[in-house]
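All remarks here apply to the structure that follows.
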Amino acid sequence: MRTLTGTGGVDSYLFEPGDLVRLTRGEGGAVETAQPGDWGLVTRVHPCGALDLKLAGYSRAKDSVLTRATAVPCGRVEPCDRQGLPLKRGFSAVWDTRKPR
């Protein structure tokens with residue numbers, strides 16, 4: 001993952017296969033299968049910037065019905081650590097209580 005800082009101090013991310021991300025909003029579309037807070041491994045980055053995520057073994061059980069989320073827009077995810085906690089910098093990531101990393 002590469003981080004780009006914009007002019008307003010807002011970070012944007014270029015995700016790569018192998019990165020851990022969590023959904024900040026649902027997938028969108030008619031059938032919304034992955035929910036906000038689900039997290040997993042990026043398995044593929046589409047040319048348009050959408051991501052395929054492996055959720056099984058991360059936020060979902062390995063034998064769950066939904067094992068993947070496909071073509072998730074990169075604006076709906078944020079980087080996370082191995083416990084699924086967000087990696088936001090500069091302000092608190094969870095309910096404005098946690099110190100930034």
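Just remember, in the structure tokens the first chain shown is A, the second B, etc., residues are 1-based per chain, and ligands are 1-based in the order shown.
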Spatial neighbours of range 48-51 of chain A, max dist 10 Å, only C-alpha atoms, sep filter under 3 positions, as a compact mmCIF listing (two decimals) with all heavy atoms, in the first residue's frame:
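Contents of selection.txt, freshly written:
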# COMPACT_ATOMS: atom_id res chain seq x y z
N LEU A 14 -3.24 3.78 -2.28
CA LEU A 14 -3.15 2.92 -3.46
C LEU A 14 -2.92 1.52 -2.92
O LEU A 14 -1.83 1.19 -2.45
CB LEU A 14 -2.01 3.35 -4.37
CG LEU A 14 -2.13 4.74 -4.98
CD1 LEU A 14 -0.87 5.09 -5.76
CD2 LEU A 14 -3.34 4.82 -5.87
N PHE A 15 -3.97 0.70 -2.95
CA PHE A 15 -3.89 -0.63 -2.37
C PHE A 15 -3.27 -1.61 -3.35
O PHE A 15 -3.37 -1.45 -4.56
CB PHE A 15 -5.29 -1.11 -1.97
CG PHE A 15 -5.91 -0.28 -0.88
CD1 PHE A 15 -6.93 0.61 -1.17
CD2 PHE A 15 -5.45 -0.37 0.41
CE1 PHE A 15 -7.49 1.38 -0.18
CE2 PHE A 15 -6.01 0.40 1.42
CZ PHE A 15 -7.03 1.28 1.12
N GLU A 16 -2.64 -2.64 -2.80
CA GLU A 16 -2.00 -3.69 -3.58
C GLU A 16 -2.45 -5.04 -3.03
O GLU A 16 -2.87 -5.12 -1.86
CB GLU A 16 -0.48 -3.56 -3.46
CG GLU A 16 0.06 -2.24 -3.97
CD GLU A 16 1.52 -2.03 -3.60
OE1 GLU A 16 2.02 -2.72 -2.69
OE2 GLU A 16 2.14 -1.17 -4.23
N PRO A 17 -2.38 -6.10 -3.83
CA PRO A 17 -2.71 -7.42 -3.29
C PRO A 17 -1.85 -7.74 -2.08
O PRO A 17 -0.64 -7.46 -2.06
CB PRO A 17 -2.40 -8.37 -4.46
CG PRO A 17 -2.57 -7.52 -5.67
CD PRO A 17 -2.09 -6.15 -5.26
N VAL A 21 -7.54 -4.54 4.63
CA VAL A 21 -8.44 -3.38 4.61
C VAL A 21 -9.75 -3.74 5.31
O VAL A 21 -10.09 -4.90 5.46
CB VAL A 21 -8.75 -2.91 3.17
CG1 VAL A 21 -7.50 -2.43 2.46
CG2 VAL A 21 -9.42 -4.01 2.36
N LEU A 41 -8.33 -9.50 3.35
CA LEU A 41 -7.13 -9.38 2.54
C LEU A 41 -7.48 -8.99 1.11
O LEU A 41 -8.40 -9.56 0.52
CB LEU A 41 -6.40 -10.73 2.54
CG LEU A 41 -5.08 -10.82 1.82
CD1 LEU A 41 -4.00 -10.14 2.65
CD2 LEU A 41 -4.72 -12.27 1.59
N VAL A 42 -6.77 -8.02 0.56
CA VAL A 42 -6.95 -7.65 -0.85
C VAL A 42 -6.33 -8.75 -1.70
O VAL A 42 -5.15 -9.06 -1.56
CB VAL A 42 -6.28 -6.29 -1.17
CG1 VAL A 42 -6.38 -5.98 -2.65
CG2 VAL A 42 -6.90 -5.19 -0.34
N THR A 43 -7.14 -9.37 -2.57
CA THR A 43 -6.63 -10.43 -3.44
C THR A 43 -6.39 -9.95 -4.86
O THR A 43 -5.57 -10.50 -5.57
CB THR A 43 -7.60 -11.62 -3.48
OG1 THR A 43 -8.88 -11.18 -3.91
CG2 THR A 43 -7.70 -12.28 -2.11
N ARG A 44 -7.12 -8.91 -5.27
CA ARG A 44 -6.98 -8.39 -6.63
C ARG A 44 -7.36 -6.92 -6.67
O ARG A 44 -8.28 -6.50 -5.99
CB ARG A 44 -7.89 -9.18 -7.56
CG ARG A 44 -7.81 -8.73 -8.99
CD ARG A 44 -8.68 -9.57 -9.90
NE ARG A 44 -8.62 -9.04 -11.24
CZ ARG A 44 -9.63 -9.04 -12.08
NH1 ARG A 44 -10.79 -9.56 -11.74
NH2 ARG A 44 -9.50 -8.54 -13.28
N VAL A 45 -6.64 -6.17 -7.48
CA VAL A 45 -6.97 -4.77 -7.74
C VAL A 45 -7.36 -4.67 -9.20
O VAL A 45 -6.56 -4.96 -10.09
CB VAL A 45 -5.79 -3.83 -7.42
CG1 VAL A 45 -6.16 -2.39 -7.71
CG2 VAL A 45 -5.34 -3.99 -5.98
N LYS A 54 -10.79 -11.01 0.35
CA LYS A 54 -11.01 -12.31 0.96
C LYS A 54 -11.40 -12.05 2.41
O LYS A 54 -10.59 -11.56 3.20
CB LYS A 54 -9.75 -13.16 0.88
CG LYS A 54 -9.92 -14.51 1.53
CD LYS A 54 -8.63 -15.31 1.45
CE LYS A 54 -8.79 -16.63 2.15
NZ LYS A 54 -7.51 -17.35 2.20
N ALA A 69 -15.67 -10.64 -1.16
CA ALA A 69 -16.41 -9.47 -1.65
C ALA A 69 -15.68 -9.03 -2.91
O ALA A 69 -14.46 -8.88 -2.90
CB ALA A 69 -16.44 -8.36 -0.61
N THR A 70 -16.40 -8.86 -4.00
CA THR A 70 -15.74 -8.53 -5.27
C THR A 70 -16.11 -7.14 -5.73
O THR A 70 -17.21 -6.66 -5.48
CB THR A 70 -16.13 -9.54 -6.37
OG1 THR A 70 -17.54 -9.55 -6.51
CG2 THR A 70 -15.64 -10.94 -6.02
N ALA A 71 -15.17 -6.51 -6.40
CA ALA A 71 -15.34 -5.19 -7.01
C ALA A 71 -15.84 -4.14 -6.02
O ALA A 71 -16.73 -3.36 -6.30
CB ALA A 71 -16.26 -5.27 -8.23
N VAL A 72 -15.21 -4.10 -4.84
CA VAL A 72 -15.54 -3.09 -3.84
C VAL A 72 -14.79 -1.81 -4.20
O VAL A 72 -13.56 -1.84 -4.35
CB VAL A 72 -15.14 -3.57 -2.42
CG1 VAL A 72 -15.41 -2.49 -1.40
CG2 VAL A 72 -15.87 -4.85 -2.07
N PRO A 73 -15.47 -0.68 -4.35
CA PRO A 73 -14.76 0.57 -4.66
C PRO A 73 -13.75 0.91 -3.57
O PRO A 73 -14.04 0.76 -2.38
CB PRO A 73 -15.87 1.61 -4.72
CG PRO A 73 -17.12 0.83 -4.97
CD PRO A 73 -16.92 -0.49 -4.29
N CYS A 74 -12.58 1.37 -3.96
CA CYS A 74 -11.53 1.63 -2.98
C CYS A 74 -11.88 2.78 -2.04
O CYS A 74 -11.31 2.88 -0.96
CB CYS A 74 -10.19 1.88 -3.67
SG CYS A 74 -10.18 3.31 -4.75
N GLY A 75 -12.84 3.62 -2.40
CA GLY A 75 -13.28 4.68 -1.51
C GLY A 75 -14.12 4.20 -0.35
O GLY A 75 -14.42 4.95 0.57
N ARG A 76 -14.50 2.94 -0.37
CA ARG A 76 -15.32 2.37 0.70
C ARG A 76 -14.51 1.57 1.71
O ARG A 76 -15.06 0.95 2.61
CB ARG A 76 -16.41 1.48 0.11
CG ARG A 76 -17.40 2.24 -0.72
CD ARG A 76 -18.48 1.33 -1.25
NE ARG A 76 -19.36 2.04 -2.14
CZ ARG A 76 -20.49 2.60 -1.76
NH1 ARG A 76 -20.88 2.54 -0.51
NH2 ARG A 76 -21.24 3.24 -2.63
N VAL A 77 -13.19 1.55 1.56
CA VAL A 77 -12.34 0.80 2.47
C VAL A 77 -11.25 1.71 3.05
O VAL A 77 -10.96 2.79 2.51
CB VAL A 77 -11.69 -0.42 1.79
CG1 VAL A 77 -12.73 -1.39 1.31
CG2 VAL A 77 -10.78 0.00 0.66
Task: Long-range neighbours of Leu4 in chain A as a list in words, 7 Å cut-off, only C-alpha atoms, 3 positions minimum in chain - done: Asp11, Ser12 and Tyr13 of chain A
Could you write out that same residue set with N, CA, C and O atoms as a PDB file, in the first residue's frame?
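Final output, saved to selection.pdb:
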ATOM      1  N   ASP A  11      -5.383  11.869   3.405  1.00  0.00           N
ATOM      2  CA  ASP A  11      -4.627  10.763   2.821  1.00  0.00           C
ATOM      3  C   ASP A  11      -5.491   9.957   1.871  1.00  0.00           C
ATOM      4  O   ASP A  11      -6.668   9.733   2.122  1.00  0.00           O
ATOM      5  N   SER A  12      -4.913   9.542   0.753  1.00  0.00           N
ATOM      6  CA  SER A  12      -5.557   8.577  -0.135  1.00  0.00           C
ATOM      7  C   SER A  12      -4.582   7.419  -0.291  1.00  0.00           C
ATOM      8  O   SER A  12      -3.376   7.580  -0.158  1.00  0.00           O
ATOM      9  N   TYR A  13      -5.131   6.241  -0.555  1.00  0.00           N
ATOM     10  CA  TYR A  13      -4.326   5.033  -0.539  1.00  0.00           C
ATOM     11  C   TYR A  13      -4.372   4.326  -1.882  1.00  0.00           C
ATOM     12  O   TYR A  13      -5.408   4.276  -2.526  1.00  0.00           O
TER      13      TYR A  13
END
Open item on the list: What does the structure give for the distance between CA of Asp52 in chain A and CA of Asp81 in chain A, in Å to one decimal?
Closed with: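 Separation of CA of Asp52 in chain A and CA of Asp81 in chain A: 17.7 Å.
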Open item on the list: With DSSP run on the backbone, what are the strand (DSSP E) residues within range 21-74 of chain A? I'd like them as a list in words.
Closed with: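 Going through range 21-74 of chain A, the strand (DSSP E) residues come out as Val21, Arg22, Leu23, Trp39, Gly40, Leu41, Val42, Thr43, Arg44, Val45, Leu51, Asp52, Leu53, Lys54, Arg68, Ala69, Thr70, Ala71 and Val72 of chain A.
CA of Gly40 in chain A is positioned 6.4 Å from CA of Ser59 in chain A.
If you count only C-alpha atoms and ignore residues fewer than 4 places along the chain from Asp38 in chain A, what sits within 7 Å of it is Arg22, Leu23, Ala34 and Ser59 of chain A.
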